[in-house]
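Q: Handing you this structure, nothing more for now.
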Protein chains: 2
Amino acid sequence: MKKVSIADVAKTAKVSKSTVSQYLNKRFNYMSEDTKNRIKTAIEELNYQPNYIARSLKQKKTSTIGVIVANILHTFSTEVIRAIEDYCQLNQFHVIVCNADDDPNKEKNYIEMLRAKQVDGLIVFPTGENLDLYEKLIDKKYPIIFMDRLGPNGKGFSVLLDNEKASTIAVQHLIDEGIHQIGIVTTSLNQHLTPRLERVKGYRKVMRNNGLPVLDHFIINAELKEIKQSVKDLLSLSNPPKGLVAGNDLTLIEILEFCREVAIKVPQDIALVGIDEVPFASAFNPTITTIAQPTFEMGTKAARLLLQEINKENDQSEAVYRFDPKLITRESSKQK
Amino acid sequence: MKKVSIADVAKTAKVSKSTVSQYLNKRFNYMSEDTKNRIKTAIEELNYQPNYIARSLKQKKTSTIGVIVANILHTFSTEVIRAIEDYCQLNQFHVIVCNADDDPNKEKNYIEMLRAKQVDGLIVFPTGENLDLYEKLIDKKYPIIFMDRLGPNGKGFSVLLDNEKASTIAVQHLIDEGIHQIGIVTTSLNQHLTPRLERVKGYRKVMRNNGLPVLDHFIINAELKEIKQSVKDLLSLSNPPKGLVAGNDLTLIEILEFCREVAIKVPQDIALVGIDEVPFASAFNPTITTIAQPTFEMGTKAARLLLQEINKENDQSEAVYRFDPKLITRESSKQK
DNA sequence: CTGAAAGCGCTTACAG
DNA sequence: CTGAAAGCGCTTACAG
């Protein structure tokens, strides 16, 4: 399987390589019909396929972006990635997706690998470390967009949920349902992570605004595997919460599993609101009240921003784009 | 941000480009300590990063594989991709993931794009068309592995579930639970798709082997959006099935939603077994009996096979690797 | 309207 | 032990 190159096409069509290249790049300004046809025939005859690698080397751009996702197991991530791919596809850009598995070392390796592959820009769901590395990239004007979490010290471009609002809506909804003893359960021990911090902040604020006590022991933060135990401890208190906000989809599943295992009834014994919409929300019994993120809009926005950065169509050098969470009221949050 | 190249390093270290290249490729056989150190210092000083694009052009290999997944919304796909990435990461290979969205045209575009980008090989979850294209690639000895579905006319390397066994196990389990009226619900109207065909075949066979009638109207095949209506029609029959096998995760969710909407009780009114494990299986009420695919093993196998192909370590030219499904018995299938 | 030449940033036989 | 030279497959100013 010998690869056919532009030189072979040129020879077959009896023109120069330059002319073939012009043809391929649709610069027909001065090309005679005859030449065009000869080239066209030669390409078909030889079944010629251009080599993007060579073109990229010369043009110093790859028309490829990299996406590094902290953890691909979240439905949120998958949906955002789809939106990014759709937008890039429409704009003739290619996407390389890498999953950092919440591991800052993997994240760092991927950044280096993608840069070595000369991707034109990066969309990152940051793990929360490698801040210096990100700062260096931003300072160098390397096109980069942060998704779901803020960039280093809030620098650069970020696309994320209004997390404070998300937990505010969730908690307020429970309060409106007559539930006053409310807890919040989050994962991710890393203290830098935006969503967790902001969601807890929103929780505290809305409780206070409603004149309700903010009890620190109602704020659970544990690794995924420890969630069940933590929730168990929480619900074993003499005066336990009557409503819980799950910090994300995987947390929600843990809580639901726990409740089923010990026959705690949702929503009668404990009302639930999950942040992040889940595929089974309407299938579950009870159906699950969730706070949905506009994943499609967010992914599209990040991709559009990045391509603008790459094409230098954007004069700003930083901005934070917040998206509105949406409450989807279902049964799990209604105790009345 | 001027890019620093191997020439800059050479100049700073006062050696030739060749020597720097040798250093980068760890060919130290004959290199003096002094030279090594000078190069090392120069690289650090200039913050030099090699350009893989240039290397790839010269070496005619990119150390990158492409993965084209028919539909990334299936949990199965996500898990297989993770396994592929893990294996490639360990072997210094990079992965470009593309989502064909069940659209043969997108699939074709992606194949061409990935080949233009000179990926060293491909793992494809085929949409069921583009058979001629695949056959051409196989004939050219281009490294390619088919996942989840057989290759064109069964040619080439495939990694997939023993689908017949999967539905056999599912149906036999229901029969063992005393349920004799069993239906099966699948999606994907495309008639070429291996899993659907094989799963229905297994269903028919095991019913027959148990001396049970095979009723064609108990075999539902509909697009995802039509599943609910089809199931409704099915369960409205005067003598409806008492147990259902869901063909995949998304089908299962549709069925569960339908049952909840019309207050059909699972498993009392209808017992359920889902093919494909789902994240919420143990959280659901009732917990869901599923047939799990060994996604991790399958992904790893495909990646290993592909790298062997690429490195020409494999003397066979085709093989089909079948993986065993595993029954995870939970509550949704028990009517007793 | 088309071609010769240089060059993108590497690697690799080969010479010394 | 190290360097000069050729070349991977393209693109692009420039000359004619």
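The chains in the structure tokens are called A, B, ... from first to last as shown; in each chain the residues are counted from 1, and the ligands are counted from 1 in the order shown.
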Tell me as a PyMOL selection string which residues belonging to chain A come within 9 Å of chain B, counting only C-alpha atoms.
A: chain A and resi 1+49-54+56-57+62+72-73+78-79+82+85+94-99+112-113+115-118+140-142+250+253-261+279-287
Q: Mind fitting chain A onto chain B over all Cα atoms in sequence order and sending the result as a compact mmCIF listing (two decimals) with C-alpha atoms, in the first residue's frame?
A:
# COMPACT_ATOMS: atom_id res chain seq x y z
CA MET A 1 5.28 33.22 21.11
CA LYS A 2 7.89 32.08 18.63
CA LYS A 3 8.17 28.37 18.56
CA VAL A 4 11.59 27.02 19.39
CA SER A 5 12.78 24.24 17.13
CA ILE A 6 15.46 21.64 17.19
CA ALA A 7 17.68 24.05 15.24
CA ASP A 8 17.56 26.57 18.10
CA VAL A 9 18.51 23.90 20.58
CA ALA A 10 21.36 22.80 18.34
CA LYS A 11 22.68 26.31 18.06
CA THR A 12 22.47 26.97 21.79
CA ALA A 13 24.12 23.67 22.65
CA LYS A 14 26.67 24.13 19.88
CA VAL A 15 25.99 20.77 18.29
CA SER A 16 24.19 19.71 15.13
CA LYS A 17 20.52 19.06 14.73
CA SER A 18 21.28 15.37 14.22
CA THR A 19 22.86 15.12 17.61
CA VAL A 20 19.94 16.82 19.30
CA SER A 21 17.61 14.42 17.55
CA GLN A 22 19.66 11.46 18.75
CA TYR A 23 19.43 12.84 22.23
CA LEU A 24 15.68 13.27 22.05
CA ASN A 25 15.28 9.72 20.84
CA LYS A 26 17.52 8.44 23.60
CA ARG A 27 20.07 6.98 21.27
CA PHE A 28 22.94 7.60 23.61
CA ASN A 29 25.24 4.81 22.34
CA TYR A 30 28.08 7.04 21.40
CA MET A 31 27.22 10.33 23.03
CA SER A 32 29.66 12.00 25.37
CA GLU A 33 28.45 13.13 28.75
CA ASP A 34 29.44 16.64 27.91
CA THR A 35 27.30 16.76 24.79
CA LYS A 36 24.36 15.28 26.65
CA ASN A 37 24.60 17.90 29.33
CA ARG A 38 24.91 20.79 26.92
CA ILE A 39 21.82 19.61 25.08
CA LYS A 40 19.93 19.04 28.29
CA THR A 41 20.72 22.55 29.47
CA ALA A 42 19.79 24.10 26.15
CA ILE A 43 16.44 22.31 26.10
CA GLU A 44 15.59 23.53 29.57
CA GLU A 45 16.81 27.02 28.92
CA LEU A 46 14.78 27.41 25.76
CA ASN A 47 11.86 25.41 27.12
CA TYR A 48 11.94 23.34 23.97
CA GLN A 49 9.01 21.07 23.12
CA PRO A 50 9.37 18.65 20.22
CA ASN A 51 6.91 18.93 17.38
CA TYR A 52 5.22 15.58 16.85
CA ILE A 53 3.75 16.73 13.57
CA ALA A 54 7.16 17.06 12.01
CA ARG A 55 8.29 13.78 13.47
CA SER A 56 5.16 12.05 12.23
CA LEU A 57 5.69 13.34 8.74
CA LYS A 58 9.16 11.97 8.62
CA GLN A 59 8.47 8.70 10.39
CA LYS A 60 5.24 8.06 8.55
CA LYS A 61 3.50 7.13 11.71
CA THR A 62 1.59 9.20 14.19
CA SER A 63 1.30 6.90 17.23
CA THR A 64 -2.34 7.87 17.19
CA ILE A 65 -5.39 5.73 16.65
CA GLY A 66 -8.90 6.81 15.81
CA VAL A 67 -12.05 5.52 17.46
CA ILE A 68 -15.36 6.03 15.71
CA VAL A 69 -18.27 5.24 17.93
CA ALA A 70 -21.74 4.80 16.44
CA ASN A 71 -23.49 6.45 19.36
CA ILE A 72 -21.72 7.79 22.39
CA LEU A 73 -24.89 8.01 24.45
CA HIS A 74 -24.75 4.33 25.34
CA THR A 75 -22.98 3.63 28.60
CA PHE A 76 -21.43 0.67 26.82
CA SER A 77 -19.63 3.00 24.41
CA THR A 78 -18.29 5.29 27.10
CA GLU A 79 -16.88 2.41 29.08
CA VAL A 80 -15.26 0.74 26.12
CA ILE A 81 -13.67 4.04 25.13
CA ARG A 82 -12.22 4.45 28.60
CA ALA A 83 -10.64 1.03 28.40
CA ILE A 84 -9.20 1.79 24.98
CA GLU A 85 -7.76 5.05 26.26
CA ASP A 86 -6.22 3.41 29.29
CA TYR A 87 -4.51 0.77 27.21
CA CYS A 88 -3.24 3.27 24.65
CA GLN A 89 -2.03 5.62 27.31
CA LEU A 90 0.11 2.83 28.73
CA ASN A 91 1.54 2.15 25.30
CA GLN A 92 2.28 5.74 24.41
CA PHE A 93 -0.46 5.89 21.84
CA HIS A 94 -2.95 8.69 21.49
CA VAL A 95 -6.63 8.37 20.79
CA ILE A 96 -8.97 10.52 18.76
CA VAL A 97 -12.60 9.77 19.53
CA CYS A 98 -15.34 10.61 17.05
CA ASN A 99 -19.05 10.17 17.50
CA ALA A 100 -20.90 9.19 14.32
CA ASP A 101 -24.30 9.73 15.91
CA ASP A 102 -25.61 6.62 14.12
CA ASP A 103 -25.19 8.53 10.86
CA PRO A 104 -23.33 6.60 8.13
CA ASN A 105 -22.41 9.86 6.41
CA LYS A 106 -20.76 11.25 9.49
CA GLU A 107 -19.05 7.92 9.90
CA LYS A 108 -17.67 8.10 6.39
CA ASN A 109 -16.45 11.67 6.88
CA TYR A 110 -14.71 10.71 10.07
CA ILE A 111 -12.97 7.78 8.43
CA GLU A 112 -11.66 10.04 5.71
CA MET A 113 -10.67 12.74 8.14
CA LEU A 114 -8.83 10.33 10.40
CA ARG A 115 -7.01 8.75 7.50
CA ALA A 116 -6.02 12.18 6.23
CA LYS A 117 -4.64 12.82 9.69
CA GLN A 118 -2.64 9.64 9.18
CA VAL A 119 -3.84 7.78 12.23
CA ASP A 120 -2.05 4.46 12.43
CA GLY A 121 -5.24 2.46 12.85
CA LEU A 122 -8.94 2.54 13.63
CA ILE A 123 -11.36 1.01 16.08
CA VAL A 124 -14.89 1.34 14.75
CA PHE A 125 -18.32 0.69 16.16
CA PRO A 126 -19.79 0.48 12.66
CA THR A 127 -23.15 2.08 11.86
CA GLY A 128 -23.93 -0.81 9.55
CA GLU A 129 -23.28 0.89 6.24
CA ASN A 130 -20.09 1.88 4.44
CA LEU A 131 -19.40 -1.81 4.06
CA ASP A 132 -17.51 -1.35 0.79
CA LEU A 133 -15.30 1.27 2.39
CA TYR A 134 -14.43 -1.06 5.25
CA GLU A 135 -13.76 -3.89 2.89
CA LYS A 136 -11.37 -1.73 0.92
CA LEU A 137 -9.47 -0.83 4.08
CA ILE A 138 -9.22 -4.46 5.13
CA ASP A 139 -7.99 -5.47 1.68
CA LYS A 140 -5.34 -2.77 1.88
CA LYS A 141 -4.21 -4.26 5.21
CA TYR A 142 -5.03 -1.05 6.94
CA PRO A 143 -5.17 -1.81 10.70
CA ILE A 144 -8.80 -1.77 11.76
CA ILE A 145 -10.82 -3.44 14.51
CA PHE A 146 -14.60 -3.64 14.65
CA MET A 147 -16.26 -3.28 18.00
CA ASP A 148 -19.72 -4.40 19.08
CA ARG A 149 -20.66 -5.40 15.54
CA LEU A 150 -19.10 -7.66 12.94
CA GLY A 151 -17.03 -6.27 10.10
CA PRO A 152 -18.24 -6.30 6.48
CA ASN A 153 -19.31 -9.86 5.68
CA GLY A 154 -17.65 -10.91 8.89
CA LYS A 155 -14.22 -10.00 7.49
CA GLY A 156 -11.42 -8.50 9.55
CA PHE A 157 -11.09 -8.42 13.31
CA SER A 158 -14.12 -8.02 15.51
CA VAL A 159 -14.55 -7.75 19.23
CA LEU A 160 -18.08 -8.24 20.42
CA LEU A 161 -20.45 -9.72 22.91
CA ASP A 162 -21.82 -13.20 22.43
CA ASN A 163 -25.18 -11.58 21.78
CA GLU A 164 -27.04 -14.77 21.19
CA LYS A 165 -25.92 -15.98 24.56
CA ALA A 166 -26.90 -12.66 26.13
CA SER A 167 -30.53 -12.92 25.11
CA THR A 168 -30.51 -16.64 25.77
CA ILE A 169 -29.41 -16.05 29.34
CA ALA A 170 -31.91 -13.26 29.80
CA VAL A 171 -34.83 -15.27 28.48
CA GLN A 172 -33.83 -18.46 30.24
CA HIS A 173 -33.60 -16.55 33.49
CA LEU A 174 -37.16 -15.31 33.06
CA ILE A 175 -38.33 -18.82 32.20
CA ASP A 176 -36.59 -20.15 35.29
CA GLU A 177 -38.53 -17.57 37.25
CA GLY A 178 -41.70 -19.18 35.96
CA ILE A 179 -42.45 -16.62 33.25
CA HIS A 180 -43.37 -18.13 29.91
CA GLN A 181 -44.84 -15.25 27.98
CA ILE A 182 -41.78 -13.24 27.08
CA GLY A 183 -41.21 -10.39 24.66
CA ILE A 184 -38.06 -8.67 23.44
CA VAL A 185 -37.72 -4.98 22.59
CA THR A 186 -34.92 -3.66 20.41
CA THR A 187 -34.11 -0.46 18.56
CA SER A 188 -31.98 0.16 15.49
CA LEU A 189 -33.98 -0.29 12.34
CA ASN A 190 -30.89 -0.93 10.29
CA GLN A 191 -31.08 -4.57 9.40
CA HIS A 192 -27.35 -5.16 9.21
CA LEU A 193 -26.63 -4.59 12.85
CA THR A 194 -25.17 -7.64 14.50
CA PRO A 195 -26.33 -7.22 18.10
CA ARG A 196 -30.00 -6.87 17.29
CA LEU A 197 -30.01 -9.80 14.87
CA GLU A 198 -28.15 -12.09 17.20
CA ARG A 199 -30.14 -11.12 20.24
CA VAL A 200 -33.42 -11.83 18.49
CA LYS A 201 -31.98 -15.10 17.21
CA GLY A 202 -31.02 -16.15 20.71
CA TYR A 203 -34.47 -15.23 21.92
CA ARG A 204 -36.17 -17.40 19.31
CA LYS A 205 -33.89 -20.32 19.92
CA VAL A 206 -34.22 -20.43 23.68
CA MET A 207 -37.98 -20.08 23.51
CA ARG A 208 -38.13 -23.00 21.09
CA ASN A 209 -35.75 -25.07 23.18
CA ASN A 210 -38.04 -24.60 26.13
CA GLY A 211 -41.02 -25.70 24.11
CA LEU A 212 -42.52 -22.22 24.22
CA PRO A 213 -44.24 -20.62 21.24
CA VAL A 214 -42.32 -17.93 19.38
CA LEU A 215 -44.78 -15.15 18.70
CA ASP A 216 -43.61 -12.62 16.14
CA HIS A 217 -45.71 -9.89 17.67
CA PHE A 218 -43.78 -10.33 20.92
CA ILE A 219 -40.66 -9.22 19.08
CA ILE A 220 -40.66 -5.44 19.02
CA ASN A 221 -38.27 -3.43 16.92
CA ALA A 222 -38.81 0.30 16.89
CA GLU A 223 -36.93 3.56 16.94
CA LEU A 224 -36.26 4.92 20.38
CA LYS A 225 -39.03 7.50 20.23
CA GLU A 226 -41.56 4.87 19.24
CA ILE A 227 -40.67 2.37 21.92
CA LYS A 228 -43.27 3.58 24.37
CA GLN A 229 -46.09 3.31 21.86
CA SER A 230 -44.92 -0.13 20.77
CA VAL A 231 -44.72 -1.37 24.32
CA LYS A 232 -48.14 0.08 24.99
CA ASP A 233 -49.59 -1.83 22.04
CA LEU A 234 -47.79 -4.95 23.15
CA LEU A 235 -49.10 -4.80 26.67
CA SER A 236 -52.61 -4.03 25.47
CA LEU A 237 -52.89 -7.39 23.75
CA SER A 238 -55.49 -9.69 25.19
CA ASN A 239 -52.75 -12.09 26.15
CA PRO A 240 -49.72 -9.87 26.72
CA PRO A 241 -46.21 -10.96 27.73
CA LYS A 242 -45.43 -11.18 31.41
CA GLY A 243 -41.71 -10.56 30.94
CA LEU A 244 -39.65 -8.35 28.67
CA VAL A 245 -36.04 -8.24 27.61
CA ALA A 246 -34.79 -4.70 26.86
CA GLY A 247 -32.30 -4.72 23.99
CA ASN A 248 -30.04 -2.05 25.44
CA ASP A 249 -29.75 0.65 28.09
CA LEU A 250 -31.71 3.36 26.31
CA THR A 251 -34.50 0.94 25.47
CA LEU A 252 -34.66 -0.07 29.11
CA ILE A 253 -35.10 3.53 30.20
CA GLU A 254 -37.95 4.01 27.74
CA ILE A 255 -39.70 0.90 29.01
CA LEU A 256 -39.25 1.95 32.62
CA GLU A 257 -40.60 5.40 31.88
CA PHE A 258 -43.60 3.94 30.15
CA CYS A 259 -44.34 1.59 33.02
CA ARG A 260 -44.16 4.40 35.50
CA GLU A 261 -46.39 6.66 33.43
CA VAL A 262 -49.18 4.12 33.19
CA ALA A 263 -48.58 2.63 36.63
CA ILE A 264 -47.64 -0.80 35.40
CA LYS A 265 -45.81 -2.50 38.24
CA VAL A 266 -42.38 -3.98 37.72
CA PRO A 267 -41.93 -6.89 38.28
CA GLN A 268 -45.46 -7.81 39.40
CA ASP A 269 -47.19 -6.84 36.15
CA ILE A 270 -44.20 -7.21 33.92
CA ALA A 271 -40.79 -8.65 34.70
CA LEU A 272 -37.77 -6.97 33.12
CA VAL A 273 -34.24 -7.87 32.18
CA GLY A 274 -32.05 -5.27 30.54
CA ILE A 275 -29.15 -6.10 28.27
CA ASP A 276 -26.27 -3.77 29.25
CA GLU A 277 -25.55 -2.87 32.82
CA VAL A 278 -26.79 0.60 33.83
CA PRO A 279 -25.43 2.96 36.50
CA PHE A 280 -28.77 3.16 38.28
CA ALA A 281 -29.46 -0.60 38.35
CA SER A 282 -28.90 -0.92 42.08
CA ALA A 283 -30.56 2.37 42.91
CA PHE A 284 -33.77 1.72 41.09
CA ASN A 285 -36.86 0.50 42.81
CA PRO A 286 -37.04 -2.39 42.05
CA THR A 287 -33.37 -2.99 41.36
CA ILE A 288 -32.87 -3.95 37.75
CA THR A 289 -31.72 -7.37 36.58
CA THR A 290 -29.24 -6.85 33.78
CA ILE A 291 -26.96 -8.69 31.43
CA ALA A 292 -23.59 -6.97 31.72
CA GLN A 293 -21.00 -6.82 28.99
CA PRO A 294 -17.35 -6.99 30.05
CA THR A 295 -16.74 -3.52 28.63
CA PHE A 296 -13.31 -3.10 30.11
CA GLU A 297 -12.01 -6.40 28.76
CA MET A 298 -13.56 -5.73 25.39
CA GLY A 299 -12.03 -2.29 25.04
CA THR A 300 -8.65 -3.53 26.17
CA LYS A 301 -8.79 -6.46 23.77
CA ALA A 302 -9.63 -4.21 20.82
CA ALA A 303 -6.84 -1.81 21.66
CA ARG A 304 -4.33 -4.58 22.12
CA LEU A 305 -5.33 -6.20 18.84
CA LEU A 306 -5.06 -2.91 17.02
CA LEU A 307 -1.60 -2.12 18.33
CA GLN A 308 -0.51 -5.62 17.37
CA GLU A 309 -1.83 -5.05 13.88
CA ILE A 310 -0.03 -1.74 13.68
CA ASN A 311 3.22 -3.28 14.84
CA LYS A 312 2.66 -6.25 12.53
CA GLU A 313 2.90 -8.61 15.48
CA ASN A 314 -0.09 -10.54 14.35
CA ASP A 315 0.09 -13.11 11.60
CA GLN A 316 -3.63 -13.76 11.33
CA SER A 317 -5.63 -11.56 9.05
CA GLU A 318 -9.00 -12.00 10.68
CA ALA A 319 -10.67 -13.24 13.80
CA VAL A 320 -13.84 -12.73 15.79
CA TYR A 321 -13.50 -12.40 19.53
CA ARG A 322 -16.66 -13.12 21.46
CA PHE A 323 -17.08 -12.09 25.06
CA ASP A 324 -19.33 -13.68 27.60
CA PRO A 325 -22.32 -11.75 28.94
CA LYS A 326 -22.97 -11.95 32.65
CA LEU A 327 -26.34 -12.11 34.32
CA ILE A 328 -26.69 -9.84 37.32
CA THR A 329 -29.81 -10.99 39.08
CA ARG A 330 -31.72 -8.29 40.88
CA GLU A 331 -35.39 -7.68 41.65
CA SER A 332 -36.97 -6.59 38.37
CA SER A 333 -37.07 -10.12 36.99
CA LYS A 334 -38.67 -11.94 39.92
CA GLN A 335 -42.40 -12.42 39.87
CA LYS A 336 -42.58 -15.09 42.51
Q: Dump as number ranges by chain the residues of chain D that approach chain B to within 12 Å, counting only C-alpha atoms (C1' of nucleotides).
A: D: 1-10
Q: Produce a file of the selected residues containing N, CA and C atoms (P, O5', C5', C4', C3', O3' and C1' of nucleotides), as a short mmCIF file (atom, residue, chain, number, x, y, z; two decimals), in the first residue's frame.
A:
data_model
loop_
_atom_site.label_atom_id
_atom_site.label_comp_id
_atom_site.auth_asym_id
_atom_site.auth_seq_id
_atom_site.Cartn_x
_atom_site.Cartn_y
_atom_site.Cartn_z
P DC D 1 32.44 7.31 23.22
"O5'" DC D 1 32.02 8.38 22.15
"C5'" DC D 1 31.93 9.73 22.53
"C4'" DC D 1 31.91 10.53 21.28
"C3'" DC D 1 30.58 11.24 21.00
"O3'" DC D 1 30.81 12.64 21.20
"C1'" DC D 1 31.53 10.30 19.02
P DT D 2 29.67 13.64 21.11
"O5'" DT D 2 29.64 13.95 19.56
"C5'" DT D 2 30.65 14.78 19.02
"C4'" DT D 2 30.35 15.04 17.59
"C3'" DT D 2 29.05 15.80 17.33
"O3'" DT D 2 29.41 16.99 16.66
"C1'" DT D 2 29.28 13.95 15.86
P DG D 3 28.33 18.09 16.32
"O5'" DG D 3 28.34 18.00 14.74
"C5'" DG D 3 29.59 18.04 14.07
"C4'" DG D 3 29.38 17.92 12.59
"C3'" DG D 3 28.25 18.78 12.04
"O3'" DG D 3 28.65 19.25 10.77
"C1'" DG D 3 27.78 16.50 11.61
P DA D 4 27.89 20.40 10.05
"O5'" DA D 4 27.89 19.90 8.54
"C5'" DA D 4 28.69 18.79 8.14
"C4'" DA D 4 28.29 18.36 6.75
"C3'" DA D 4 27.39 19.31 5.98
"O3'" DA D 4 27.54 18.99 4.60
"C1'" DA D 4 26.14 17.44 6.64
P DA D 5 26.60 19.66 3.48
"O5'" DA D 5 25.51 18.52 3.26
"C5'" DA D 5 25.96 17.18 3.01
"C4'" DA D 5 24.79 16.35 2.54
"C3'" DA D 5 23.75 17.14 1.74
"O3'" DA D 5 23.21 16.29 0.76
"C1'" DA D 5 22.72 16.26 3.65
P DA D 6 22.22 16.80 -0.38
"O5'" DA D 6 21.08 15.71 -0.31
"C5'" DA D 6 21.42 14.36 0.05
"C4'" DA D 6 20.16 13.66 0.47
"C3'" DA D 6 18.92 14.11 -0.31
"O3'" DA D 6 18.13 12.97 -0.56
"C1'" DA D 6 18.56 14.45 1.99
P DG D 7 16.93 13.00 -1.61
"O5'" DG D 7 15.68 12.81 -0.66
"C5'" DG D 7 15.71 11.80 0.35
"C4'" DG D 7 14.56 12.05 1.27
"C3'" DG D 7 13.33 12.65 0.56
"O3'" DG D 7 12.18 11.95 0.99
"C1'" DG D 7 13.89 13.93 2.44
P DC D 8 10.94 11.80 0.04
"O5'" DC D 8 9.75 11.57 1.07
"C5'" DC D 8 9.87 10.73 2.20
"C4'" DC D 8 8.99 11.27 3.30
"C3'" DC D 8 7.80 12.04 2.78
"O3'" DC D 8 6.70 11.14 2.69
"C1'" DC D 8 8.89 13.19 4.60
P DG D 9 5.89 10.98 1.29
"O5'" DG D 9 4.94 12.24 1.32
"C5'" DG D 9 4.01 12.39 2.38
"C4'" DG D 9 3.44 13.77 2.33
"C3'" DG D 9 2.88 14.17 0.97
"O3'" DG D 9 1.63 14.81 1.19
"C1'" DG D 9 4.40 15.79 1.70
P DC D 10 0.61 15.12 0.05
"O5'" DC D 10 0.00 16.44 0.68
"C5'" DC D 10 0.22 17.68 0.10
"C4'" DC D 10 0.74 18.64 1.15
"C3'" DC D 10 0.60 20.08 0.71
"O3'" DC D 10 -0.62 20.58 1.22
"C1'" DC D 10 2.79 19.66 1.59
#
Q: From a backbone DSSP assignment, name each residue in stretch 77-255 of chain A labelled strand (DSSP E or B), as a ChimeraX atom specification.
A: /A:94-99,121-124,144-147,157-161,182-186,219-221,243-246
Q: Got time to write the residues from that selection, N, CA and C atoms, as a short mmCIF file (atom, residue, chain, number, x, y, z; two decimals), in the first residue's frame?
A:
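Below is the file that was written, result_37.cif:
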data_model
loop_
_atom_site.label_atom_id
_atom_site.label_comp_id
_atom_site.auth_asym_id
_atom_site.auth_seq_id
_atom_site.Cartn_x
_atom_site.Cartn_y
_atom_site.Cartn_z
N HIS A 94 -11.33 19.45 14.01
CA HIS A 94 -11.35 18.12 14.59
C HIS A 94 -11.12 18.20 16.08
N VAL A 95 -11.56 17.16 16.76
CA VAL A 95 -11.51 17.18 18.22
C VAL A 95 -10.79 15.94 18.74
N ILE A 96 -9.85 16.13 19.61
CA ILE A 96 -9.25 15.01 20.32
C ILE A 96 -9.70 15.08 21.77
N VAL A 97 -10.37 14.03 22.22
CA VAL A 97 -10.89 14.03 23.59
C VAL A 97 -9.99 13.20 24.49
N CYS A 98 -9.61 13.72 25.63
CA CYS A 98 -8.82 12.97 26.58
C CYS A 98 -9.48 13.01 27.94
N ASN A 99 -9.43 11.90 28.63
CA ASN A 99 -10.06 11.80 29.93
C ASN A 99 -9.00 11.76 31.03
N GLY A 121 -5.80 24.70 19.92
CA GLY A 121 -6.37 25.25 21.15
C GLY A 121 -6.90 24.13 22.02
N LEU A 122 -7.34 24.50 23.22
CA LEU A 122 -7.71 23.52 24.23
C LEU A 122 -8.98 23.94 24.96
N ILE A 123 -9.86 22.97 25.18
CA ILE A 123 -10.96 23.18 26.12
C ILE A 123 -10.70 22.22 27.28
N VAL A 124 -10.64 22.75 28.48
CA VAL A 124 -10.26 21.92 29.63
C VAL A 124 -11.30 21.99 30.73
N ILE A 144 -7.23 28.88 24.99
CA ILE A 144 -7.68 27.88 25.96
C ILE A 144 -8.96 28.37 26.62
N ILE A 145 -9.89 27.43 26.79
CA ILE A 145 -11.16 27.74 27.43
C ILE A 145 -11.37 26.77 28.59
N PHE A 146 -11.78 27.28 29.72
CA PHE A 146 -12.05 26.42 30.86
C PHE A 146 -13.53 26.13 30.94
N MET A 147 -13.84 24.88 31.20
CA MET A 147 -15.24 24.46 31.23
C MET A 147 -15.57 23.93 32.62
N PHE A 157 -10.66 32.50 29.84
CA PHE A 157 -12.06 32.35 29.52
C PHE A 157 -12.65 31.12 30.22
N SER A 158 -13.78 31.30 30.83
CA SER A 158 -14.44 30.16 31.47
C SER A 158 -15.90 30.11 31.07
N VAL A 159 -16.37 28.90 30.92
CA VAL A 159 -17.78 28.65 30.63
C VAL A 159 -18.28 27.75 31.73
N LEU A 160 -19.21 28.23 32.53
CA LEU A 160 -19.68 27.36 33.60
C LEU A 160 -21.07 27.73 34.08
N LEU A 161 -21.60 26.80 34.87
CA LEU A 161 -22.93 26.99 35.42
C LEU A 161 -22.87 28.08 36.48
N ILE A 182 -32.42 20.97 55.78
CA ILE A 182 -31.90 20.58 54.48
C ILE A 182 -30.39 20.37 54.53
N GLY A 183 -29.94 19.29 53.93
CA GLY A 183 -28.50 19.04 53.86
C GLY A 183 -28.03 19.09 52.42
N ILE A 184 -26.72 19.14 52.24
CA ILE A 184 -26.17 19.12 50.88
C ILE A 184 -25.00 18.14 50.87
N VAL A 185 -24.92 17.32 49.81
CA VAL A 185 -23.90 16.28 49.74
C VAL A 185 -23.07 16.47 48.49
N THR A 186 -21.79 16.66 48.65
CA THR A 186 -20.92 16.86 47.49
C THR A 186 -19.71 15.94 47.56
N ILE A 219 -23.63 19.70 55.98
CA ILE A 219 -22.90 19.89 54.73
C ILE A 219 -21.89 18.76 54.60
N ILE A 220 -22.23 17.79 53.76
CA ILE A 220 -21.39 16.61 53.63
C ILE A 220 -20.48 16.76 52.42
N ASN A 221 -19.21 16.42 52.63
CA ASN A 221 -18.27 16.41 51.52
C ASN A 221 -17.43 15.16 51.67
N GLY A 243 -34.55 16.95 53.87
CA GLY A 243 -34.33 17.12 52.43
C GLY A 243 -32.84 17.16 52.14
N LEU A 244 -32.47 16.65 50.98
CA LEU A 244 -31.06 16.66 50.61
C LEU A 244 -30.89 17.17 49.19
N VAL A 245 -29.79 17.90 48.99
CA VAL A 245 -29.40 18.28 47.64
C VAL A 245 -28.18 17.44 47.27
N ALA A 246 -28.26 16.70 46.15
CA ALA A 246 -27.12 15.89 45.69
C ALA A 246 -26.27 16.76 44.77
#
